>>> print(open('run.cif').read())   # mmCIF, C-alpha atoms and all ligand atoms
data_entry
loop_
_atom_site.label_atom_id
_atom_site.label_comp_id
_atom_site.auth_asym_id
_atom_site.auth_seq_id
_atom_site.Cartn_x
_atom_site.Cartn_y
_atom_site.Cartn_z
CA MET G 1 81.84 81.40 134.40
CA THR G 2 79.63 83.05 131.86
CA ASN G 3 76.86 83.81 134.29
CA ASN G 4 79.29 85.32 136.74
CA LEU G 5 81.01 87.39 134.11
CA LEU G 6 78.00 89.05 132.47
CA LYS G 7 76.58 90.96 135.43
CA THR G 8 76.36 94.68 136.11
CA SER G 9 78.23 94.11 139.40
CA PHE G 10 81.38 93.49 137.32
CA ASN G 11 84.32 95.72 138.33
CA VAL G 12 86.71 96.36 135.46
CA PHE G 13 89.30 97.91 137.78
CA GLU G 14 90.01 94.55 139.41
CA TYR G 15 91.68 93.22 136.26
CA SER G 16 94.78 93.86 134.16
CA ASP G 17 94.47 94.59 130.44
CA GLU G 18 95.77 91.07 129.70
CA GLN G 19 93.06 89.53 131.89
CA LEU G 20 90.42 91.69 130.23
CA GLU G 21 91.71 90.55 126.86
CA GLU G 22 91.11 86.91 127.88
CA MET G 23 87.65 87.76 129.17
CA ALA G 24 86.84 89.51 125.90
CA PHE G 25 87.52 86.23 124.11
CA GLN G 26 85.33 84.33 126.58
CA ILE G 27 82.53 86.77 125.79
CA PHE G 28 83.13 86.26 122.06
CA GLU G 29 82.58 82.55 122.76
CA VAL G 30 79.31 83.20 124.60
CA PHE G 31 77.96 84.82 121.42
CA ASN G 32 79.65 82.35 119.01
CA VAL G 33 81.51 85.15 117.23
CA CYS G 34 84.20 82.81 115.84
CA GLU G 35 81.56 80.44 114.43
CA THR G 36 79.68 83.34 112.86
CA LEU G 37 82.84 84.68 111.23
CA LYS G 38 84.05 81.14 110.40
CA ILE G 39 87.42 81.78 112.03
CA ASN G 40 89.49 79.67 114.42
CA LYS G 41 90.15 80.61 118.03
CA GLU G 42 93.69 81.79 117.23
CA LYS G 43 92.41 84.44 114.86
CA GLY G 44 89.76 85.61 117.31
CA THR G 45 92.34 85.82 120.09
CA LYS G 46 94.87 87.60 117.88
CA PHE G 47 92.28 90.19 116.82
CA ILE G 48 91.39 91.05 120.42
CA GLN G 49 95.09 91.20 121.36
CA GLU G 50 95.91 93.58 118.50
CA ILE G 51 92.93 95.78 119.35
CA ARG G 52 93.99 95.91 123.00
CA LYS G 53 97.51 96.95 122.01
CA GLN G 54 96.21 99.86 119.94
CA TYR G 55 94.43 101.58 122.82
CA LEU G 56 96.69 104.21 124.38
CA THR G 57 97.72 103.29 127.91
CA THR G 58 98.52 106.90 128.85
CA ILE G 59 94.95 108.17 128.55
CA PRO G 60 93.01 108.29 131.86
CA TYR G 61 89.54 107.50 130.48
CA HIS G 62 89.51 106.45 126.80
CA ASN G 63 91.79 103.42 127.23
CA PHE G 64 91.28 99.65 126.91
CA SER G 65 89.52 99.47 130.30
CA HIS G 66 86.86 101.83 128.94
CA ALA G 67 86.59 99.81 125.70
CA PHE G 68 86.16 96.62 127.72
CA GLU G 69 83.70 98.29 130.10
CA VAL G 70 81.51 99.30 127.13
CA PHE G 71 81.90 95.89 125.47
CA HIS G 72 80.94 94.23 128.76
CA SER G 73 77.85 96.43 129.23
CA LEU G 74 76.68 95.72 125.70
CA SER G 75 77.28 91.98 126.16
CA THR G 76 75.33 92.03 129.42
CA PHE G 77 72.37 93.76 127.74
CA LEU G 78 72.41 91.25 124.88
CA TYR G 79 72.82 88.30 127.23
CA THR G 80 69.94 89.44 129.45
CA SER G 81 67.45 89.81 126.60
CA ASP G 82 66.14 86.75 124.75
CA GLN G 83 64.45 89.14 122.34
CA LEU G 84 67.71 90.83 121.33
CA LYS G 85 69.46 87.46 120.95
CA LYS G 86 66.61 86.23 118.77
CA ASP G 87 66.00 89.34 116.68
CA PHE G 88 69.54 90.43 115.84
CA THR G 89 71.10 88.03 113.32
CA SER G 90 74.36 86.36 114.35
CA GLU G 91 76.29 88.73 112.03
CA GLU G 92 74.57 91.73 113.62
CA GLN G 93 75.47 90.47 117.11
CA ALA G 94 79.10 90.06 116.03
CA ALA G 95 79.07 93.59 114.54
CA LEU G 96 77.68 95.02 117.79
CA LEU G 97 80.32 93.31 119.91
CA ILE G 98 83.18 94.32 117.60
CA ALA G 99 81.89 97.90 117.40
CA ALA G 100 81.80 98.10 121.20
CA LEU G 101 85.34 96.79 121.56
CA CYS G 102 86.76 99.08 118.84
CA HIS G 103 84.60 102.20 119.24
CA ASP G 104 87.37 104.38 120.76
CA LEU G 105 90.39 102.66 119.17
CA LYS G 106 93.53 104.80 119.40
CA HIS G 107 91.53 107.57 121.08
CA PRO G 108 94.00 110.45 121.53
CA GLY G 109 92.27 111.75 124.70
CA GLY G 110 89.97 114.75 125.07
CA ASN G 111 87.10 115.17 122.64
CA ASN G 112 86.18 116.25 119.11
CA GLN G 113 85.78 119.91 120.05
CA LYS G 114 89.37 119.99 121.25
CA GLN G 115 90.59 118.38 118.01
CA ILE G 116 88.62 120.91 115.94
CA GLU G 117 89.77 123.91 117.97
CA GLN G 118 93.39 122.84 117.72
CA GLU G 119 93.02 122.19 113.97
CA SER G 120 94.73 118.86 114.66
CA ASP G 121 95.80 116.53 111.86
CA LEU G 122 92.82 114.31 112.67
CA ALA G 123 90.37 117.23 112.46
CA LEU G 124 91.85 118.14 109.08
CA ILE G 125 91.74 114.55 107.81
CA TYR G 126 88.09 114.10 108.84
CA ASN G 127 86.95 117.67 108.07
CA ASP G 128 85.67 118.30 111.63
CA GLN G 129 83.05 115.54 111.23
CA SER G 130 82.89 113.05 114.15
CA VAL G 131 86.68 113.26 114.11
CA ILE G 132 87.63 110.66 116.73
CA GLU G 133 84.81 108.24 115.84
CA ASN G 134 85.84 108.30 112.17
CA TYR G 135 89.45 107.78 113.21
CA SER G 136 88.65 104.75 115.39
CA ILE G 137 86.60 103.12 112.62
CA SER G 138 89.32 103.73 110.08
CA GLN G 139 92.02 102.35 112.40
CA THR G 140 89.94 99.21 113.06
CA PHE G 141 89.61 98.33 109.38
CA LEU G 142 93.22 99.28 108.60
CA LEU G 143 94.37 97.00 111.42
CA VAL G 144 92.65 93.93 109.97
CA LYS G 145 93.67 94.83 106.43
CA LYS G 146 97.35 95.09 107.37
CA ASN G 147 97.44 92.06 109.64
CA GLU G 148 96.12 88.87 108.07
CA GLU G 149 96.54 86.92 111.34
CA ALA G 150 94.06 89.30 112.98
CA ASN G 151 91.72 89.68 110.00
CA ILE G 152 88.54 88.25 111.45
CA PHE G 153 86.53 89.22 108.36
CA SER G 154 88.57 87.25 105.82
CA GLU G 155 86.65 83.96 105.92
CA ILE G 156 83.10 85.13 105.29
CA ALA G 157 81.43 85.94 101.96
CA LYS G 158 81.91 89.45 100.55
CA GLN G 159 78.23 90.26 101.06
CA LYS G 160 78.43 89.46 104.77
CA GLN G 161 81.71 91.38 105.11
CA LYS G 162 80.02 94.42 103.60
CA LYS G 163 77.06 94.21 105.92
CA ILE G 164 79.21 93.83 109.06
CA ARG G 165 81.38 96.75 107.92
CA LYS G 166 78.30 98.91 107.33
CA TRP G 167 76.97 98.08 110.79
CA ILE G 168 80.29 98.75 112.55
CA ILE G 169 80.65 102.12 110.78
CA GLN G 170 77.09 103.23 111.60
CA LEU G 171 77.25 101.98 115.19
CA ILE G 172 80.52 103.70 116.02
CA LEU G 173 79.53 106.96 114.30
CA ALA G 174 76.40 106.97 116.44
CA THR G 175 78.54 107.13 119.60
CA ASP G 176 79.49 110.76 118.77
CA PRO G 177 78.01 112.69 121.74
CA GLU G 178 77.05 115.52 119.37
CA PHE G 179 74.24 113.35 117.99
CA HIS G 180 72.99 111.76 121.23
CA ASN G 181 69.82 113.82 121.47
CA GLU G 182 69.12 113.63 117.76
CA GLN G 183 69.40 109.85 117.89
CA LEU G 184 67.12 109.59 120.91
CA GLN G 185 64.55 111.82 119.20
CA LYS G 186 64.64 109.67 116.07
CA ILE G 187 63.77 106.54 118.04
CA ARG G 188 61.15 108.30 120.16
CA LYS G 189 59.41 109.58 117.04
CA ASN G 190 59.41 106.18 115.35
CA LYS G 191 56.08 104.76 116.48
CA SER G 192 56.42 101.64 114.36
CA LEU G 193 59.86 100.46 115.42
CA SER G 194 60.06 96.89 114.16
CA PHE G 195 62.75 94.26 114.54
CA GLU G 196 61.68 92.93 111.14
CA GLU G 197 63.43 95.81 109.42
CA GLU G 198 67.21 95.94 109.29
CA SER G 199 67.35 99.75 109.47
CA HIS G 200 65.27 99.68 112.66
CA ARG G 201 67.46 96.97 114.19
CA LEU G 202 70.47 99.13 113.41
CA GLN G 203 68.82 102.05 115.24
CA VAL G 204 68.17 99.85 118.27
CA GLY G 205 71.73 98.53 118.11
CA ALA G 206 73.08 102.09 118.07
CA LEU G 207 70.89 102.97 121.04
CA ILE G 208 72.19 99.99 123.01
CA LEU G 209 75.79 100.88 122.19
CA LEU G 210 75.15 104.44 123.29
CA ALA G 211 73.77 103.19 126.62
CA SER G 212 76.79 100.89 126.91
CA ASP G 213 79.15 103.81 126.30
CA LEU G 214 77.63 105.27 129.48
CA GLY G 215 77.07 101.81 130.96
CA TYR G 216 79.33 102.41 133.97
CA TYR G 217 76.44 104.21 135.69
CA THR G 218 74.85 100.75 136.12
CA ARG G 219 77.85 99.64 138.23
CA ASN G 220 78.50 100.05 141.94
CA GLN G 221 79.23 103.45 143.45
CA ASN G 222 83.02 102.97 143.58
CA VAL G 223 83.26 102.08 139.92
CA ILE G 224 81.05 105.02 138.94
CA THR G 225 83.13 107.46 141.01
CA LYS G 226 86.37 106.22 139.45
CA TRP G 227 85.08 106.66 135.90
CA ARG G 228 83.69 110.10 136.69
CA GLN G 229 87.03 111.18 138.12
CA LYS G 230 88.88 109.80 135.12
CA ILE G 231 86.74 111.61 132.55
CA CYS G 232 87.19 114.89 134.48
CA GLU G 233 90.93 114.32 134.60
CA GLU G 234 91.08 113.69 130.84
CA LEU G 235 88.93 116.68 129.93
CA GLY G 236 90.58 118.97 132.48
CA PHE G 237 87.42 119.56 134.54
CA GLU G 238 87.25 119.87 138.29
CA TYR G 239 85.59 116.72 139.70
CA ASN G 240 82.46 117.59 141.63
CA GLU G 241 80.86 114.60 143.34
CA LYS G 242 77.59 116.43 143.94
CA ASP G 243 77.02 117.64 140.40
CA LEU G 244 74.60 115.06 139.04
CA SER G 245 73.10 117.12 136.23
CA PHE G 246 74.68 114.86 133.59
CA VAL G 247 73.06 111.83 135.23
CA LYS G 248 69.63 113.46 135.33
CA PHE G 249 69.63 115.11 131.93
CA SER G 250 71.71 112.74 129.79
CA VAL G 251 72.04 109.29 131.37
CA LEU G 252 68.49 108.94 132.74
CA PRO G 253 66.61 109.80 129.49
CA LEU G 254 68.95 107.46 127.57
CA TYR G 255 68.38 104.56 129.99
CA GLN G 256 64.62 105.25 130.00
CA LEU G 257 64.47 104.99 126.24
CA VAL G 258 66.54 101.80 126.21
CA VAL G 259 64.26 100.14 128.78
CA LYS G 260 61.17 101.30 126.89
CA THR G 261 62.57 99.85 123.67
CA VAL G 262 63.87 96.60 125.22
CA PRO G 263 61.84 96.04 128.46
CA GLU G 264 63.65 92.76 129.19
CA ILE G 265 66.85 94.56 130.17
CA ARG G 266 65.19 96.59 132.94
CA THR G 267 66.96 94.40 135.52
CA CYS G 268 70.33 95.77 134.35
CA PHE G 269 69.35 99.23 135.64
CA GLN G 270 68.23 98.37 139.19
CA SER G 271 71.52 99.37 140.75
CA PHE G 272 71.43 102.71 138.87
CA GLU G 273 67.94 103.46 140.22
CA GLN G 274 69.06 102.70 143.78
CA THR G 275 72.37 104.58 143.59
CA PHE G 276 70.89 107.80 142.20
CA LYS G 277 67.36 107.44 143.65
CA LEU G 278 65.92 107.93 140.19
CA LYS G 279 63.06 106.05 138.56
CA ILE G 280 63.50 104.69 135.04
ZN ZN R 1 83.53 105.43 124.53
#
>>> encode(input="run.cif", output="structure tokens")
Amino acid sequence: MTNNLLKTSFNVFEYSDEQLEEMAFQIFEVFNVCETLKINKEKGTKFIQEIRKQYLTTIPYHNFSHAFEVFHSLSTFLYTSDQLKKDFTSEEQAALLIAALCHDLKHPGGNNQKQIEQESDLALIYNDQSVIENYSISQTFLLVKKNEEANIFSEIAKQKQKKIRKWIIQLILATDPEFHNEQLQKIRKNKSLSFEEESHRLQVGALILLASDLGYYTRNQNVITKWRQKICEELGFEYNEKDLSFVKFSVLPLYQLVVKTVPEIRTCFQSFEQTFKLKI
């Protein structure tokens, strides 16, 4: 089951949200998330269910399918690389998986620019700073605080709770598209990137989550087209099949840096190279 599930050929559109919710728990089991957090299966299941319910079903792109898609891409990268599984601690792996699943929680649709231009309540609450990312993080921690049955952080020591919270906050903030290039530059410039140092591991984790947020480009052509149409629909752009500038100038450099940083996951990008006739 596991081997069949964690492959880039996975097609999220073949499953209902309830089925995806079950698969999310299976993936938690692959990475021993419940053991790491010292919680029983019921709590793990309840957490995923509550998270699923908080994603808006009326949004074309930023819904639970997208959250699962990103979570699945990240899990596939982790699963494919023995180095990542060995070098990230079990708490860090749990933080990465939770961050992926919750990174767009309650996303209202559109983007930060729209929120800021409209002077929305969210833009005012978060002072125009990574508005939606801050909102999703806040909603994640409020959800577990208000619902003990879904509080997956309640059984571990305070110190570990703090670390996982710090990681989830940093990882989700790093998904703000405004900082993509900055983040890539930071890693490129760091000639002594070492998995020994926690701050470096966090940088690599953020890079992997960023690649997972655009992970659908590693899927088959039909899946890619659907996601591209959905994002255009949500942002109010005309869909243009032939316009591949985003792929060349944003997705490709991101994937190249990920593969350079974690060579073991190169295999995850074979389909992307074939589909777009681009070399990583
Ligand atoms: Zn996202």
>>> closest_residue(input="run.cif", among="G:Trp167, G:Tyr135, G:Phe71, G:Phe269", to="ligand ZN 1 (chain R)", atoms="all atoms listed in the file")
G:Phe71
>>> residues_around(input="run.cif", residues="Leu244 in chain G", least_positions_apart="5", cutoff="12 Å", atoms="all atoms listed in the file", output="list in words")
Tyr217, Ile224, Thr225, Arg228, Tyr239, Phe249, Ser250, Val251, Leu252, Thr275, Phe276, Lys277 and Leu278 of chain G
>>> closest_atom_pairs(input="run.cif", of="chain G", to="ligand ZN 1 (chain R)", cutoff="9 Å", atoms="all atoms listed in the file", output="CSV")
residue,atom,partner,partner_atom,distance
G:Tyr61,CA,R:ZN1,ZN,8.7
G:His62,CA,R:ZN1,ZN,6.5
G:Asn63,CA,R:ZN1,ZN,8.9
G:His66,CA,R:ZN1,ZN,6.6
G:Ala67,CA,R:ZN1,ZN,6.5
G:Val70,CA,R:ZN1,ZN,7.0
G:Ala100,CA,R:ZN1,ZN,8.2
G:His103,CA,R:ZN1,ZN,6.3
G:Asp104,CA,R:ZN1,ZN,5.5
G:His107,CA,R:ZN1,ZN,9.0
G:Thr175,CA,R:ZN1,ZN,7.2
G:Asp176,CA,R:ZN1,ZN,8.8
G:Leu210,CA,R:ZN1,ZN,8.5
G:Ser212,CA,R:ZN1,ZN,8.5
G:Asp213,CA,R:ZN1,ZN,5.0
G:Leu214,CA,R:ZN1,ZN,7.7
>>> closest_residue(input="run.cif", among="G:Gln183, G:Ser90, G:Ser245, G:Gln274", to="Val258 in chain G", atoms="only C-alpha atoms")
G:Gln183
>>> closest_residue(input="run.cif", among="G:Asp82, G:Glu14, G:Glu21, G:Glu238", to="Pro263 in chain G", atoms="only C-alpha atoms")
G:Asp82
>>> closest_residue(input="run.cif", among="G:Ser130, G:Thr80, G:Ser9, G:Thr36", to="Ile164 in chain G", atoms="all atoms listed in the file")
G:Thr36
>>> closest_residue(input="run.cif", among="G:Glu91, G:Glu50, G:Glu196, G:Glu178", to="Gln113 in chain G", atoms="all atoms listed in the file")
G:Glu178
>>> residues_near_point(input="run.cif", point="(96.6, 96.7, 128.1)", cutoff="7 Å", atoms="all atoms listed in the file", output="JSON, numbers by chain")
{"G": [16, 17, 18, 52, 53, 57, 64]}
>>> residues_around(input="run.cif", residues="Val223 in chain G", least_positions_apart="3", cutoff="12 Å", atoms="only C-alpha atoms", output="list in words")
Thr8, Ser9, Phe10, Asn11, Val12, Phe13, Glu14, Ser65, His66, Glu69, Gly215, Tyr216, Tyr217, Thr218, Arg219, Asn220, Lys226, Trp227, Arg228, Gln229, Lys230, Phe272 and Thr275 of chain G
>>> closest_residue(input="run.cif", among="G:Lys38, G:Arg165, G:His72, G:Lys7", to="Met23 in chain G", atoms="all atoms listed in the file")
G:His72
>>> atom_distance(input="run.cif", atom1="CA of Ala95 in chain G", atom2="CA of Lys46 in chain G")
17.2 Å
>>> atom_distance(input="run.cif", atom1="CA of Gln159 in chain G", atom2="CA of Val33 in chain G")
17.3 Å
>>> residues_around(input="run.cif", residues="Glu29 in chain G", least_positions_apart="6", cutoff="12 Å", atoms="all atoms listed in the file", output="list of chain:residue names")
G:Met1, G:Thr2, G:Glu22, G:Met23, G:Glu35, G:Thr36, G:Leu37, G:Ile39, G:Asn40, G:Lys41, G:Gly44, G:Thr45, G:Ser75, G:Ala94, G:Leu97
>>> atom_distance(input="run.cif", atom1="CA of Leu193 in chain G", atom2="CA of Gln83 in chain G")
14.0 Å
>>> residues_around(input="run.cif", residues="Asn127 in chain G", least_positions_apart="6", cutoff="10 Å", atoms="all atoms listed in the file", output="NGL selection string")
:G and (116 or 119 or 121)
>>> axis_aligned_box(input="run.cif", around="range 38-41 of chain G", padding_each_side="5 Å", output="lines of an AutoDock Vina configuration file")
center_x = 87.1
center_y = 80.7
center_z = 114.2
size_x = 16.1
size_y = 12.1
size_z = 17.6
>>> residues_around(input="run.cif", residues="Glu117 in chain G", least_positions_apart="6", cutoff="12 Å", atoms="only C-alpha atoms", output="mmCIF file with C-alpha atoms, keeping the file's coordinate frame")
data_model
loop_
_atom_site.group_PDB
_atom_site.id
_atom_site.type_symbol
_atom_site.label_atom_id
_atom_site.label_comp_id
_atom_site.auth_asym_id
_atom_site.auth_seq_id
_atom_site.Cartn_x
_atom_site.Cartn_y
_atom_site.Cartn_z
ATOM 1 C CA GLY G 110 89.970 114.750 125.070
ATOM 2 C CA ASN G 111 87.100 115.170 122.640
ATOM 3 C CA ALA G 123 90.370 117.230 112.460
ATOM 4 C CA LEU G 124 91.850 118.140 109.080
ATOM 5 C CA ASP G 128 85.670 118.300 111.630
ATOM 6 C CA VAL G 131 86.680 113.260 114.110
#
>>> build_atoms(input="run.cif", residues="range 101-115 of chain G", atoms="N, CA and C atoms", output="PDB file, in the frame of the given file")
ATOM      1  N   LEU G 101      83.929  96.972 121.198  1.00  0.00           N
ATOM      2  CA  LEU G 101      85.340  96.790 121.560  1.00  0.00           C
ATOM      3  C   LEU G 101      86.256  97.802 120.856  1.00  0.00           C
ATOM      4  N   CYS G 102      85.876  98.216 119.653  1.00  0.00           N
ATOM      5  CA  CYS G 102      86.760  99.080 118.840  1.00  0.00           C
ATOM      6  C   CYS G 102      86.312 100.538 118.802  1.00  0.00           C
ATOM      7  N   HIS G 103      85.233 100.899 119.491  1.00  0.00           N
ATOM      8  CA  HIS G 103      84.600 102.200 119.240  1.00  0.00           C
ATOM      9  C   HIS G 103      85.475 103.412 119.566  1.00  0.00           C
ATOM     10  N   ASP G 104      86.467 103.259 120.442  1.00  0.00           N
ATOM     11  CA  ASP G 104      87.370 104.380 120.760  1.00  0.00           C
ATOM     12  C   ASP G 104      88.818 104.038 120.427  1.00  0.00           C
ATOM     13  N   LEU G 105      89.031 103.129 119.486  1.00  0.00           N
ATOM     14  CA  LEU G 105      90.390 102.660 119.170  1.00  0.00           C
ATOM     15  C   LEU G 105      91.340 103.825 118.897  1.00  0.00           C
ATOM     16  N   LYS G 106      92.477 103.778 119.544  1.00  0.00           N
ATOM     17  CA  LYS G 106      93.530 104.800 119.400  1.00  0.00           C
ATOM     18  C   LYS G 106      93.057 106.206 119.794  1.00  0.00           C
ATOM     19  N   HIS G 107      92.049 106.271 120.624  1.00  0.00           N
ATOM     20  CA  HIS G 107      91.530 107.570 121.080  1.00  0.00           C
ATOM     21  C   HIS G 107      92.690 108.423 121.612  1.00  0.00           C
ATOM     22  N   PRO G 108      92.849 109.645 121.100  1.00  0.00           N
ATOM     23  CA  PRO G 108      94.000 110.450 121.530  1.00  0.00           C
ATOM     24  C   PRO G 108      93.770 111.190 122.852  1.00  0.00           C
ATOM     25  N   GLY G 109      92.597 111.007 123.473  1.00  0.00           N
ATOM     26  CA  GLY G 109      92.270 111.750 124.700  1.00  0.00           C
ATOM     27  C   GLY G 109      91.491 113.002 124.346  1.00  0.00           C
ATOM     28  N   GLY G 110      90.756 113.540 125.333  1.00  0.00           N
ATOM     29  CA  GLY G 110      89.970 114.750 125.070  1.00  0.00           C
ATOM     30  C   GLY G 110      88.723 114.436 124.265  1.00  0.00           C
ATOM     31  N   ASN G 111      88.316 115.381 123.431  1.00  0.00           N
ATOM     32  CA  ASN G 111      87.100 115.170 122.640  1.00  0.00           C
ATOM     33  C   ASN G 111      87.210 115.842 121.263  1.00  0.00           C
ATOM     34  N   ASN G 112      86.155 115.701 120.477  1.00  0.00           N
ATOM     35  CA  ASN G 112      86.180 116.250 119.110  1.00  0.00           C
ATOM     36  C   ASN G 112      86.348 117.763 119.089  1.00  0.00           C
ATOM     37  N   GLN G 113      85.673 118.433 120.022  1.00  0.00           N
ATOM     38  CA  GLN G 113      85.780 119.910 120.050  1.00  0.00           C
ATOM     39  C   GLN G 113      87.234 120.347 120.170  1.00  0.00           C
ATOM     40  N   LYS G 114      87.963 119.652 121.044  1.00  0.00           N
ATOM     41  CA  LYS G 114      89.370 119.990 121.250  1.00  0.00           C
ATOM     42  C   LYS G 114      90.168 119.778 119.950  1.00  0.00           C
ATOM     43  N   GLN G 115      89.899 118.682 119.277  1.00  0.00           N
ATOM     44  CA  GLN G 115      90.590 118.380 118.010  1.00  0.00           C
ATOM     45  C   GLN G 115      90.311 119.486 116.987  1.00  0.00           C
TER      46      GLN G 115
END
